[in-house]
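Novice: Please read through the structure below; I'll follow up with questions.
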Amino acid sequence: MMRERVVNGGGALRARVWRVPLLTPRVVCAIASSLSVLEVGFMHATEGEPAALLVSAVMLTIGSLFVLMSRSLLLAATLVGAMLATIRTASLIHQQETEVLLQAYDVISLISAWPALSAFWHDHRQHALTLLATGSLTATVACLAYNMDALRVRRTHAGLAAALFAGIACGAAVAKGERRHTEFYFENVYVSFFLGSLADAMEALWRSGSTLDIGTLNIPSSCKPSSRPPNIVLIHQESVVPPGYFHSLSYDRSLDRFFQSYDGQLRKLRVETYGGGSWLTEFSVFTGLSTYAFGGMRQMVQQVMAGKVRDTLPQALARCGYRNIVFYPMLRQFLGTGKFFEGVGLSKIFDAKDQKAASENERDRFYYSNLLSEMQRHFKSSRQPLFAYLETMATHGTYTYKYMPEVDVPGGGPGTDPEMHEYLRRLAMARMDYASFRNELVRRFPGQPFLIVHYGDHQPTATWSLHGFTNVMTIEQVMQSGNTDALMTYYTIDAIGYRPPPLPALDTLDVPYLGTMLLESARLPLSDAFRARKRLMLLCNGRYASCPAEDEVLGFHRRLLNSGVVEAR
């Protein structure tokens with residue numbers, strides 16, 4: 001085969017074996033510069049500043065490292081361009097299918113476990129083949145680029161460039177600031193989000209390596225209730241907070257009864273999000289864990305931890321003989337919630353399609369009616385106790401339009417903010433529908449005992465002004481304000497044909513303890529993990545993430561990891 005002599009960037013001679021045309025150093029620099037300008041411009045147009053600066057700096061750092069290894073500028077430009085295109089396309093597809101952005105932990109989890117790769121191949125064959133084809137094409141083009149490049153960059157120059165761009169990347173990361181509270185869902189920052197999640201993924205993997213042994217928590221194979229267990233209904237009241245928390249608010253005081261437990265008490269629940277992020281509350285309720293424990297991964301905690309938490313609330317109930325079902329107002333692939341529900345032990349999911357929902361915010365009675373119909377089918381053929389989880393949607397924002405204007409219900413008094421007025425209207429409908437549901441349980445299922453727990457997953461954005469915020473503020477700014485009142489909702493213990501035991505006298509309950517409170521109210525045996533959680537609840541006076549006895553909380557987490565109750569990776 002013909003061999004040609006080519007002058008490299010250092011003046012030495014090298015052999016070229018491939019019969020491909022050579023590009024002069026000037027042409028190579030022009031192509032690489034043009035590609036860089038196009039990539040930076042595209043990132044600026046799509047992801048904005050300072051995200052574009054962060055992406056550009058990181059990619060230029062990676063490109064410099066490629067040059068350091070290969071000395072080829074054209075090869076580095078080709079590989080960086082392929083990386084950008086692959087990350088953005090994969091994240092876009094991931095968001096379309098799950099409504100969340102792709103993060104580094106998704107990729108690490110996929111490539112680090114054969115079962116995950118096998119499942120990806122089985123469930124997403126077309127995407128897997130596309131990735132393989134993309135990899136093959138990139139390798140081919142990269143080889144051509146390397147052999148067409150007549151320029152060879154000195155490694156000292158490449159190393160200096162990598163250090164310079166790495167410094168710029170660090171500065172860009174500081175300028176970008178912390179990840180927005182709901183960035184992984186609401187923002188189209190495909191590449192910058194993925195790159196920004198690399199540090200969180202690495203930290204999560206590093207933290208999972210500790211092997212300190214401070215005692216294990218056994219998961220029982222079954223449980224034996226001491227008496228007939230009640231059927232349990234757990235209701236996730238979307239965006240609901242007691243209006244009585246706001247003393248300046250004028251409203252229909254009959255709403256207060258909606259928030260009172262069987263003993264007439266109003267009980268406060270401290271959640272970990274405001275104005276949105278229901279998935280955070282769902283996670284804590286079912287797993288008994290605080291999302292704050294996951295650091296930068298907390299927004300993606302359902303996706304990251306799906307199937308990796310054992311001895312959850314539904315699993316504890318299943319051991320005691322319960323059949324677990326959920327009525328979900330969205331499609332099961334929304335945010336990947338269906339996979340999370342299945343992982344925590346909710347065996348049957350009725351999503352919006354299954355329920356034949358005509359809209360995303362049906363009135364509460366729509367979901368209650370579907371649950372009642374399923375209860376009739378269940379009790380007709382089974383003596384198994386039922387656990388039903390139900391989410392409502394009517395009280396969800398936005399509050400800039402009149403929901404079901406044909407329904408005549410009171411809102412706020414004179415001078416009430418229009419959005420708060422609308423929220424109070426919807427809350428009045430929620431109270432009516434719950435009362436009707438409760439009456440139907442009595443009428444349709446005489447002799448069946450029921451424990452009903454309902455709670456607010458987060459406050460509505462209609463409370464902005466009541467906290468001293470303006471309606472131009474973002475959810476992220478509220479979360480960063482340190483206003484703990486904005487995280488306060490409620491939980492209610494109600495019962496039909498059943499008398500719950502007295503509840504602990506706690507001023508406020510943090511949301512990870514709600515599942516423990518439910519099991520106690522149902523008089524069901526607690527596993528080791530739930531007993532440890534109850535001890536922590538009493539020791540910390542209802543606090544979890546902000547418990548003064550921080551060592552106790554961290555020790556509990558380590559026991560969960562050591563016992564396999566929580567899988568770290």
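Chain identifiers are assigned as A, B, and so on, following the order in which chains appear in the structure tokens; residues are numbered from 1 within each chain, and ligands are numbered from 1 in order of appearance.
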Set the distance at 12 Å and use only C-alpha atoms: which residues neighbour A:Val241 once local chain neighbours fewer than 6 positions away are removed? I'd like the list as an mmCIF file with N, CA and C atoms, in the first residue's frame.

Specialist:
data_model
loop_
_atom_site.group_PDB
_atom_site.id
_atom_site.type_symbol
_atom_site.label_atom_id
_atom_site.label_comp_id
_atom_site.auth_asym_id
_atom_site.auth_seq_id
_atom_site.Cartn_x
_atom_site.Cartn_y
_atom_site.Cartn_z
ATOM 1 N N LEU A 255 -64.944 25.136 56.242
ATOM 2 C CA LEU A 255 -63.853 24.372 55.643
ATOM 3 C C LEU A 255 -62.947 23.752 56.704
ATOM 4 N N ASP A 256 -62.912 24.353 57.875
ATOM 5 C CA ASP A 256 -61.994 23.874 58.920
ATOM 6 C C ASP A 256 -62.263 22.419 59.295
ATOM 7 N N PHE A 258 -62.902 19.994 57.461
ATOM 8 C CA PHE A 258 -62.263 19.100 56.500
ATOM 9 C C PHE A 258 -60.883 18.660 56.991
ATOM 10 N N PHE A 259 -60.246 19.492 57.803
ATOM 11 C CA PHE A 259 -58.873 19.247 58.234
ATOM 12 C C PHE A 259 -58.771 18.658 59.635
ATOM 13 N N LEU A 266 -56.439 19.341 64.608
ATOM 14 C CA LEU A 266 -55.763 19.713 63.368
ATOM 15 C C LEU A 266 -54.286 19.356 63.519
ATOM 16 N N ARG A 267 -53.769 18.581 62.586
ATOM 17 C CA ARG A 267 -52.396 18.118 62.684
ATOM 18 C C ARG A 267 -51.568 18.658 61.519
ATOM 19 N N LYS A 268 -50.409 19.212 61.864
ATOM 20 C CA LYS A 268 -49.541 19.841 60.866
ATOM 21 C C LYS A 268 -48.571 18.823 60.272
ATOM 22 N N LEU A 269 -48.374 18.946 58.973
ATOM 23 C CA LEU A 269 -47.422 18.114 58.244
ATOM 24 C C LEU A 269 -46.409 19.033 57.552
ATOM 25 N N ARG A 270 -45.131 18.770 57.772
ATOM 26 C CA ARG A 270 -44.087 19.552 57.105
ATOM 27 C C ARG A 270 -43.588 18.762 55.908
ATOM 28 N N VAL A 271 -43.774 19.319 54.705
ATOM 29 C CA VAL A 271 -43.338 18.661 53.474
ATOM 30 C C VAL A 271 -42.022 19.288 53.019
ATOM 31 N N TYR A 274 -42.683 23.214 47.602
ATOM 32 C CA TYR A 274 -43.713 24.251 47.606
ATOM 33 C C TYR A 274 -44.209 24.464 46.175
ATOM 34 N N GLY A 275 -45.512 24.570 46.026
ATOM 35 C CA GLY A 275 -46.097 24.948 44.750
ATOM 36 C C GLY A 275 -45.999 23.927 43.640
ATOM 37 N N THR A 395 -57.788 20.838 43.049
ATOM 38 C CA THR A 395 -57.205 21.987 43.747
ATOM 39 C C THR A 395 -55.836 22.373 43.205
ATOM 40 N N HIS A 396 -55.386 21.713 42.151
ATOM 41 C CA HIS A 396 -54.109 22.038 41.526
ATOM 42 C C HIS A 396 -54.223 23.352 40.758
ATOM 43 N N MET A 420 -56.331 33.328 45.262
ATOM 44 C CA MET A 420 -56.719 32.691 46.512
ATOM 45 C C MET A 420 -58.226 32.460 46.551
ATOM 46 N N TYR A 423 -58.787 29.407 44.567
ATOM 47 C CA TYR A 423 -58.326 28.241 45.314
ATOM 48 C C TYR A 423 -59.342 27.824 46.373
ATOM 49 N N LEU A 424 -59.902 28.803 47.084
ATOM 50 C CA LEU A 424 -60.887 28.499 48.129
ATOM 51 C C LEU A 424 -62.156 27.896 47.535
ATOM 52 N N ARG A 426 -62.223 25.914 44.925
ATOM 53 C CA ARG A 426 -61.878 24.522 44.635
ATOM 54 C C ARG A 426 -61.759 23.706 45.922
ATOM 55 N N LEU A 427 -61.263 24.334 46.962
ATOM 56 C CA LEU A 427 -61.170 23.650 48.248
ATOM 57 C C LEU A 427 -62.560 23.315 48.777
ATOM 58 N N ALA A 430 -63.616 20.286 47.031
ATOM 59 C CA ALA A 430 -62.897 19.118 47.550
ATOM 60 C C ALA A 430 -63.523 18.625 48.844
ATOM 61 N N HIS A 454 -55.794 11.490 54.922
ATOM 62 C CA HIS A 454 -55.545 12.385 53.788
ATOM 63 C C HIS A 454 -54.613 13.494 54.215
ATOM 64 N N TYR A 455 -53.861 13.989 53.241
ATOM 65 C CA TYR A 455 -52.804 14.952 53.544
ATOM 66 C C TYR A 455 -52.611 15.898 52.364
ATOM 67 N N GLY A 456 -52.016 17.052 52.642
ATOM 68 C CA GLY A 456 -51.654 17.994 51.590
ATOM 69 C C GLY A 456 -50.228 17.752 51.146
ATOM 70 N N ASP A 457 -50.025 17.609 49.848
ATOM 71 C CA ASP A 457 -48.682 17.284 49.353
ATOM 72 C C ASP A 457 -47.762 18.497 49.305
ATOM 73 N N HIS A 458 -48.330 19.680 49.143
ATOM 74 C CA HIS A 458 -47.579 20.928 49.194
ATOM 75 C C HIS A 458 -48.586 22.070 49.150
ATOM 76 N N GLN A 459 -48.149 23.263 49.454
ATOM 77 C CA GLN A 459 -49.043 24.417 49.409
ATOM 78 C C GLN A 459 -49.270 24.864 47.969
ATOM 79 N N PRO A 460 -50.421 25.467 47.694
ATOM 80 C CA PRO A 460 -50.666 26.016 46.358
ATOM 81 C C PRO A 460 -49.911 27.330 46.177
ATOM 82 N N THR A 461 -49.624 27.665 44.940
ATOM 83 C CA THR A 461 -48.960 28.944 44.684
ATOM 84 C C THR A 461 -49.857 30.129 45.031
ATOM 85 N N ALA A 462 -51.131 29.880 45.257
ATOM 86 C CA ALA A 462 -52.043 30.958 45.648
ATOM 87 C C ALA A 462 -51.693 31.542 47.017
ATOM 88 N N THR A 463 -50.847 30.867 47.783
ATOM 89 C CA THR A 463 -50.471 31.384 49.114
ATOM 90 C C THR A 463 -49.264 32.316 49.056
ATOM 91 N N ASP A 485 -42.713 28.192 56.963
ATOM 92 C CA ASP A 485 -44.178 28.195 56.929
ATOM 93 C C ASP A 485 -44.700 27.805 55.550
ATOM 94 N N ALA A 486 -43.913 28.066 54.516
ATOM 95 C CA ALA A 486 -44.335 27.729 53.162
ATOM 96 C C ALA A 486 -44.321 26.225 52.920
ATOM 97 N N LEU A 487 -43.714 25.464 53.827
ATOM 98 C CA LEU A 487 -43.648 24.005 53.689
ATOM 99 C C LEU A 487 -44.661 23.293 54.580
ATOM 100 N N MET A 488 -45.546 24.042 55.215
ATOM 101 C CA MET A 488 -46.476 23.443 56.167
ATOM 102 C C MET A 488 -47.809 23.118 55.498
ATOM 103 N N THR A 489 -48.234 21.843 55.598
ATOM 104 C CA THR A 489 -49.573 21.460 55.152
ATOM 105 C C THR A 489 -50.281 20.768 56.319
ATOM 106 N N TYR A 490 -50.875 19.624 56.105
ATOM 107 C CA TYR A 490 -51.657 18.950 57.158
ATOM 108 C C TYR A 490 -51.739 17.466 56.862
ATOM 109 N N TYR A 491 -52.124 16.687 57.884
ATOM 110 C CA TYR A 491 -52.573 15.311 57.666
ATOM 111 C C TYR A 491 -53.736 15.051 58.613
ATOM 112 N N THR A 492 -54.647 14.241 58.169
ATOM 113 C CA THR A 492 -55.864 13.950 58.923
ATOM 114 C C THR A 492 -56.057 12.446 59.045
#

Novice: For each of A:Leu335, A:Leu346, A:Met43, A:Val100, take the minimum atom-to-atom distance to A:Trp279, counting only C-alpha atoms, then give the residue where this is smallest.

Specialist: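 So, comparing all the options, the nearest one is A:Leu335.
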
Novice: When you draw a straight line from atom CA of A:Pro242 to atom CA of A:Val453, how long is it in Å?

Specialist: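 Computing the Euclidean distance for atom CA of A:Pro242 and atom CA of A:Val453 yields 15.3 Å.
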
Novice: Measuring atom to atom with only C-alpha atoms, identify which of A:Leu317, A:Ala142, A:Leu249, A:Val189 is nearest to A:Leu466.

Specialist: A:Leu249

Novice: For A:Phe334, work out the shell of residues within 9 Å, counting only C-alpha atoms and skipping chain neighbours fewer than 4 positions away, then give it as a PyMOL selection string.

Specialist: chain A and resi 97-100+330+338

Novice: So the first atom is atom CA of A:Leu518 and the second is atom CA of A:Ala435; what is the distance between them in Å, to one decimal place?

Specialist: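 Going from atom CA of A:Leu518 over to atom CA of A:Ala435, I get 20.7 Å.
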
Novice: What are the DSSP strand (DSSP E) residues of stretch 185-425 of chain A, as a PyMOL selection string?

Specialist: chain A and resi 231-237+267-270+323-327+348-350+386-391

Novice: Mind checking which residues fall within 8 Å of A:Tyr146, counting only C-alpha atoms, ignoring those fewer than 4 positions away in the same chain, and posting them as a PyMOL selection string?

Specialist: chain A and resi 72+74-75+142

Novice: Please produce a file of the residues just selected, as a PDB file, in the first residue's frame, where the atoms kept are C-alpha atoms.

Specialist:
ATOM      1  CA  SER A  72      -5.496  15.564  16.516  1.00  0.00           C
ATOM      2  CA  LEU A  74     -10.054  17.386  13.937  1.00  0.00           C
ATOM      3  CA  LEU A  75     -10.579  14.122  15.815  1.00  0.00           C
ATOM      4  CA  ALA A 142     -13.438   9.731  13.972  1.00  0.00           C
TER       5      ALA A 142
END

Novice: Excluding same-chain residues fewer than 2 positions from A:Leu68, what lies within 7 Å of it counting only C-alpha atoms, as a VMD selection string?

Specialist: chain A and resid 64 to 66 70 to 71 155 158 to 159

Novice: Restricting the calculation to only C-alpha atoms, which member of A:Gly307, A:Gly296, A:Gln265, A:Gly321 is positioned closest to A:Pro504?

Specialist: A:Gln265

Novice: With DSSP run on the backbone, what are the helix (DSSP H, G or I) residues within stretch 214-348 of chain A? I'd like them as a compact mmCIF listing (two decimals) with C-alpha atoms, in the first residue's frame.

Specialist:
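What ended up in result36.txt:
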# COMPACT_ATOMS: atom_id res chain seq x y z
CA PRO A 243 -56.73 28.25 55.19
CA GLY A 244 -56.83 28.58 58.98
CA TYR A 245 -53.02 28.84 58.93
CA ARG A 253 -65.03 28.62 58.33
CA SER A 254 -66.94 25.40 57.64
CA LEU A 255 -63.85 24.37 55.64
CA ASP A 256 -61.99 23.87 58.92
CA ARG A 257 -63.86 20.62 59.60
CA PHE A 258 -62.26 19.10 56.50
CA PHE A 259 -58.87 19.25 58.23
CA SER A 278 -45.70 16.22 44.26
CA TRP A 279 -43.32 13.36 43.48
CA LEU A 280 -41.11 14.41 46.38
CA THR A 281 -43.96 14.01 48.85
CA GLU A 282 -45.02 10.73 47.26
CA PHE A 283 -41.50 9.39 47.69
CA SER A 284 -41.28 10.32 51.37
CA VAL A 285 -44.76 8.99 52.20
CA PHE A 286 -44.06 5.56 50.70
CA THR A 287 -40.39 5.08 51.58
CA THR A 291 -35.58 13.64 49.90
CA TYR A 292 -33.02 15.98 51.47
CA ALA A 293 -30.89 12.91 52.21
CA PHE A 294 -30.22 12.57 48.49
CA GLY A 295 -28.52 15.93 48.06
CA GLY A 296 -28.37 17.05 44.45
CA MET A 297 -30.25 13.92 43.39
CA ARG A 298 -33.39 14.78 45.37
CA GLN A 299 -35.41 16.05 42.44
CA MET A 300 -34.83 12.79 40.55
CA VAL A 301 -35.25 10.56 43.60
CA GLN A 302 -38.24 8.58 42.29
CA GLN A 303 -36.41 7.69 39.10
CA VAL A 304 -33.08 6.98 40.78
CA MET A 305 -34.51 4.90 43.63
CA LEU A 313 -45.34 1.37 53.39
CA PRO A 314 -47.17 -0.64 50.67
CA GLN A 315 -44.81 -3.59 51.15
CA ALA A 316 -45.40 -3.54 54.90
CA LEU A 317 -49.15 -3.59 54.24
CA ALA A 318 -48.81 -6.42 51.72
CA ARG A 319 -47.06 -8.54 54.38
CA PHE A 334 -45.51 10.67 33.79
CA LEU A 335 -42.11 11.34 35.43
CA GLY A 336 -41.61 7.57 35.49
CA THR A 337 -44.01 7.39 38.43
CA GLY A 338 -45.52 4.08 37.36
CA LYS A 339 -42.16 2.35 37.72
CA PHE A 340 -41.71 3.92 41.15
CA PHE A 341 -45.19 2.86 42.30
CA GLU A 342 -44.56 -0.72 41.22
CA GLY A 343 -41.16 -0.68 42.94
CA VAL A 344 -42.61 0.33 46.31

Novice: Compare A:Ser250, A:Gln384, A:Thr216, A:Ser373 by their minimum atom-to-atom distance to A:Arg558, counting only C-alpha atoms, and give me the closest one.

Specialist: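 Counting only C-alpha atoms, the residue closest to A:Arg558 is A:Thr216.
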
Novice: Work out how far apart atom CA of A:Thr516 and atom CA of A:Glu567 are and give it in Å to one decimal.

Specialist: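 So the answer is 20.5 Å.
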